[in-house]
>>> print(open('upload_2.txt').read())   # compact mmCIF, C-alpha atoms
# COMPACT_ATOMS: atom_id res chain seq x y z
CA MET A 954 5.52 6.93 5.48
CA VAL A 955 6.68 8.28 2.16
CA ALA A 956 8.60 6.09 -0.28
CA ASP A 957 11.03 7.44 -2.84
CA THR A 958 10.69 6.70 -6.54
CA MET A 959 12.70 3.47 -6.29
CA LEU A 960 10.28 1.78 -3.87
CA GLY A 961 7.03 1.45 -5.81
CA ARG A 962 6.67 -2.29 -5.30
CA LEU A 963 7.38 -1.98 -1.59
CA ALA A 964 4.78 0.81 -1.31
CA ARG A 965 2.19 -1.40 -3.00
CA TRP A 966 2.83 -4.30 -0.61
CA LEU A 967 2.69 -2.02 2.42
CA ARG A 968 -0.64 -0.70 1.15
CA ILE A 969 -1.86 -4.28 0.76
CA MET A 970 -0.97 -4.74 4.43
CA GLY A 971 -3.03 -1.65 5.29
CA TYR A 972 -0.25 0.87 5.89
CA ASP A 973 -0.54 4.53 4.90
CA ILE A 974 2.39 5.08 2.55
CA HIS A 975 2.65 7.87 0.03
CA PHE A 976 4.35 6.97 -3.26
CA GLN A 977 4.70 8.71 -6.61
CA SER A 978 6.75 7.60 -9.59
CA SER A 979 8.27 11.11 -9.56
CA TYR A 980 8.13 13.96 -7.08
CA PRO A 981 8.18 17.64 -8.00
CA GLU A 982 10.88 19.63 -6.27
CA GLY A 983 10.03 20.12 -2.61
CA ALA A 984 7.16 17.58 -2.55
CA MET A 985 9.09 14.93 -0.63
CA HIS A 986 10.18 17.53 1.90
CA ALA A 987 6.56 18.72 2.35
CA LEU A 988 5.35 15.14 2.93
CA ILE A 989 8.06 14.58 5.52
CA GLN A 990 7.13 17.87 7.22
CA GLU A 991 3.59 16.42 7.57
CA GLY A 992 5.12 13.76 9.78
CA ARG A 993 5.70 10.98 7.28
CA ARG A 994 8.81 8.84 7.75
CA PRO A 995 10.91 8.65 4.57
CA LEU A 996 11.95 5.34 3.03
CA SER A 997 14.64 5.28 0.37
CA ARG A 998 16.95 2.98 -1.56
CA GLY A 999 19.60 5.68 -1.95
CA GLN A 1000 21.84 7.41 0.52
CA GLY A 1001 21.07 10.90 -0.84
CA LEU A 1002 18.02 11.50 1.36
CA GLN A 1003 20.01 10.61 4.46
CA ARG A 1004 21.90 13.90 4.26
CA LEU A 1005 18.61 15.83 4.16
CA PHE A 1006 16.55 13.65 6.52
CA PRO A 1007 18.52 11.80 9.20
CA ASP A 1008 15.54 9.61 10.16
CA VAL A 1009 15.22 8.10 6.66
CA LEU A 1010 14.96 4.31 6.63
CA ILE A 1011 17.36 3.02 3.99
CA ILE A 1012 16.06 -0.13 2.28
CA HIS A 1013 19.01 -2.24 1.16
CA SER A 1014 17.43 -5.27 -0.48
CA ASN A 1015 16.55 -5.59 -4.15
CA ARG A 1016 13.84 -8.21 -3.52
CA VAL A 1017 10.42 -6.92 -2.51
CA GLU A 1018 9.84 -9.63 0.10
CA ASN A 1019 13.04 -8.63 1.89
CA GLN A 1020 12.16 -4.95 1.50
CA VAL A 1021 8.84 -5.58 3.26
CA HIS A 1022 10.68 -7.27 6.14
CA GLU A 1023 13.20 -4.41 6.32
CA ALA A 1024 10.39 -1.83 6.46
CA VAL A 1025 8.36 -3.74 9.05
CA GLN A 1026 11.39 -4.26 11.29
CA GLY A 1027 12.97 -0.85 10.70
CA LEU A 1028 9.74 1.02 11.42
CA GLY A 1029 8.62 -1.21 14.27
CA LEU A 1030 5.38 -2.11 12.48
CA VAL A 1031 3.13 -4.84 13.85
CA PRO A 1032 1.32 -6.50 10.93
CA ASP A 1033 -2.42 -6.79 11.58
CA ARG A 1034 -4.35 -9.04 9.21
CA SER A 1035 -7.58 -7.15 9.94
CA ARG A 1036 -6.07 -4.10 8.19
CA TRP A 1037 -5.02 -5.98 5.05
CA PHE A 1038 -6.79 -4.88 1.85
CA THR A 1039 -8.26 -1.76 3.46
CA ARG A 1040 -6.43 0.81 1.30
CA CYS A 1041 -6.54 1.57 -2.40
CA LEU A 1042 -3.46 0.05 -4.01
CA VAL A 1043 -3.26 2.98 -6.43
CA CYS A 1044 -4.29 6.03 -4.37
CA ASN A 1045 -3.50 4.92 -0.81
CA VAL A 1046 -6.96 6.12 0.31
CA PRO A 1047 -8.89 4.02 2.84
CA LEU A 1048 -11.52 1.94 1.06
CA THR A 1049 -15.20 2.02 1.96
CA GLU A 1050 -17.77 -0.74 1.72
CA ALA A 1051 -19.63 -0.41 -1.60
CA GLY A 1052 -23.38 -0.01 -1.36
CA PHE A 1053 -25.77 -2.41 -3.04
CA GLU A 1054 -26.66 -0.04 -5.91
CA GLU A 1055 -22.98 0.78 -6.49
CA ARG A 1056 -22.17 -2.91 -6.75
CA LEU A 1057 -24.94 -3.54 -9.26
CA GLU A 1058 -23.79 -0.71 -11.50
CA ASN A 1059 -20.01 -1.05 -11.27
CA VAL A 1060 -19.01 -4.63 -10.58
CA PRO A 1061 -19.17 -7.57 -13.01
CA ASP A 1062 -22.13 -9.94 -12.51
CA TYR A 1063 -19.92 -12.94 -11.76
CA VAL A 1064 -18.32 -11.01 -8.87
CA LEU A 1065 -21.73 -10.21 -7.41
CA TYR A 1066 -22.65 -13.88 -7.69
CA GLU A 1067 -19.42 -15.23 -6.18
CA ASN A 1068 -18.61 -12.43 -3.66
CA PRO A 1069 -21.71 -10.41 -2.85
CA SER A 1070 -20.07 -8.96 0.27
CA GLY A 1071 -16.59 -7.56 0.75
CA ILE A 1072 -16.72 -5.28 -2.28
CA ARG A 1073 -14.94 -2.05 -1.47
CA HIS A 1074 -14.68 1.26 -3.26
CA CYS A 1075 -12.03 3.97 -3.52
CA ALA A 1076 -13.63 7.41 -3.36
CA CYS A 1077 -10.53 8.98 -4.94
CA CYS A 1078 -10.05 6.94 -8.13
CA SER A 1079 -13.46 5.20 -8.24
CA ARG A 1080 -11.93 1.72 -8.44
CA TYR A 1081 -13.66 -1.28 -6.90
CA PHE A 1082 -11.91 -4.09 -5.06
CA TRP A 1083 -13.23 -7.50 -4.07
CA PRO A 1084 -11.91 -10.82 -2.75
CA GLY A 1085 -10.83 -12.74 -5.83
CA THR A 1086 -7.91 -14.66 -7.28
CA HIS A 1087 -5.52 -11.69 -7.17
CA ARG A 1088 -6.23 -11.28 -3.47
CA GLU A 1089 -5.70 -15.00 -2.88
CA LYS A 1090 -2.31 -14.79 -4.61
CA MET A 1091 -1.34 -11.79 -2.49
CA LEU A 1092 -2.38 -13.61 0.70
CA ARG A 1093 -0.30 -16.62 -0.29
CA LYS A 1094 2.72 -14.37 -0.89
CA LEU A 1095 2.34 -12.68 2.49
CA GLU A 1096 2.06 -16.08 4.17
CA GLU A 1097 5.14 -17.34 2.28
CA TRP A 1098 6.99 -14.27 3.56
CA GLY A 1099 6.03 -15.11 7.15
CA PHE A 1100 3.22 -12.64 7.77
>>> encode(input="upload_2.txt", output="C-alpha cells")
Amino acid sequence: MVADTMLGRLARWLRIMGYDIHFQSSYPEGAMHALIQEGRRPLSRGQGLQRLFPDVLIIHSNRVENQVHEAVQGLGLVPDRSRWFTRCLVCNVPLTEAGFEERLENVPDYVLYENPSGIRHCACCSRYFWPGTHREKMLRKLEEWGF
C-alpha cells in the first residue's frame, strides 16, 4: 500500500497493525507513480489520484478509526494480532528482536527491569520499541474499534 499525504494517521495505525504501507508527508514528482508501479495499492482522500490510478482506494472518513475500517474492508485485509507492533511506526521497516548488548546500551534501565523481553529495533532509523504504556493505549484503541 501507499498512502497519500492526507493519510498519515491512517498509515501509522496500519503500521501498528503490521501492514506494509508507504507514507511520506510529501512526495517528489513521480514518486507515488513509482511506488504504485512496484505493486503497491494507492490509498487517497482525494479524487485526483482516481484519474491516474483506477484501483485507488478512496478513504472518505475524517476520523482515523473509520479510516482504518474503510482500509481493512476496502483492501480485504484480515487483521492478525500476531503481526501487531512488528513494523517501525516511522520507517515502516520490519522490526528485529534487540540483542542483549543492544538493550543494555540503548534502552532505559527501567525498561530492562520491567520488560526484559520484547524489545525490538529498527535497523533503518535505529529506534527501539518495547511493550509499555503507549502500546497498551494503542491496544485499547484497536479493541475499542473492534479489532
>>> axis_aligned_box(input="upload_2.txt", around="segment 959-965 of chain A", padding_each_side="4 Å", output="JSON")
{"center_x": 7.4, "center_y": 0.6, "center_z": -3.8, "size_x": 18.5, "size_y": 13.8, "size_z": 13.0}
>>> atom_distance(input="upload_2.txt", atom1="atom CA of Ile989 of chain A", atom2="atom CA of Val955 of chain A")
7.3 Å
>>> atom_distance(input="upload_2.txt", atom1="atom CA of Ala1051 of chain A", atom2="atom CA of His1074 of chain A")
5.5 Å
>>> residues_around(input="upload_2.txt", residues="segment 971-985 of chain A", least_positions_apart="3", cutoff="8 Å", atoms="all atoms listed in the file", output="list of chain:residue names")
A:Met954, A:Val955, A:Ala956, A:Asp957, A:Thr958, A:Met959, A:Leu960, A:Gly961, A:Ala964, A:Leu967, A:Arg968, A:Leu988, A:Ile989, A:Arg1036, A:Trp1037, A:Phe1038, A:Thr1039, A:Arg1040, A:Asn1045
>>> closest_residue(input="upload_2.txt", among="A:Arg994, A:His1022, A:Arg1034, A:Arg1080", to="Gly1099 of chain A", atoms="only C-alpha atoms")
A:His1022
>>> closest_residue(input="upload_2.txt", among="A:Ser1079, A:Arg1093, A:Glu1050, A:Leu1042", to="Trp966 of chain A", atoms="only C-alpha atoms")
A:Leu1042
>>> atom_distance(input="upload_2.txt", atom1="atom CA of Glu1097 of chain A", atom2="atom CA of Ile1072 of chain A")
25.4 Å
>>> closest_residue(input="upload_2.txt", among="A:Leu1002, A:Cys1078, A:Ile1012, A:Met1091", to="Arg965 of chain A", atoms="all atoms listed in the file")
A:Met1091
>>> closest_residue(input="upload_2.txt", among="A:Pro1061, A:Gly992, A:Pro1069, A:Gly999", to="His1013 of chain A", atoms="all atoms listed in the file")
A:Gly999
>>> residues_around(input="upload_2.txt", residues="Glu1018 of chain A", least_positions_apart="3", cutoff="9 Å", atoms="only C-alpha atoms", output="list of chain:residue names")
A:Leu963, A:Trp966, A:Ser1014, A:Asn1015, A:Val1021, A:His1022, A:Glu1023, A:Lys1094, A:Leu1095, A:Trp1098
>>> closest_residue(input="upload_2.txt", among="A:Val1046, A:Leu1092, A:Leu1010, A:Ala1076", to="Arg993 of chain A", atoms="all atoms listed in the file")
A:Leu1010
>>> closest_residue(input="upload_2.txt", among="A:Met970, A:Val1017, A:Cys1041, A:Leu1030", to="Trp1083 of chain A", atoms="all atoms listed in the file")
A:Cys1041
>>> residues_around(input="upload_2.txt", residues="Ile1011 of chain A", least_positions_apart="3", cutoff="9 Å", atoms="all atoms listed in the file", output="list in words")
Pro995, Leu996, Ser997, Arg998, Gly999, Gln1000, Leu1002, Gln1003, Glu1023, Ala1024 and Gly1027 of chain A
>>> write_last_selection(input="upload_2.txt", atoms="C-alpha atoms", output="short mmCIF file (atom, residue, chain, number, x, y, z; two decimals), in the coordinates of the input")
data_model
loop_
_atom_site.label_atom_id
_atom_site.label_comp_id
_atom_site.auth_asym_id
_atom_site.auth_seq_id
_atom_site.Cartn_x
_atom_site.Cartn_y
_atom_site.Cartn_z
CA PRO A 995 10.91 8.65 4.57
CA LEU A 996 11.95 5.34 3.03
CA SER A 997 14.64 5.28 0.37
CA ARG A 998 16.95 2.98 -1.56
CA GLY A 999 19.60 5.68 -1.95
CA GLN A 1000 21.84 7.41 0.52
CA LEU A 1002 18.02 11.50 1.36
CA GLN A 1003 20.01 10.61 4.46
CA GLU A 1023 13.20 -4.41 6.32
CA ALA A 1024 10.39 -1.83 6.46
CA GLY A 1027 12.97 -0.85 10.70
#
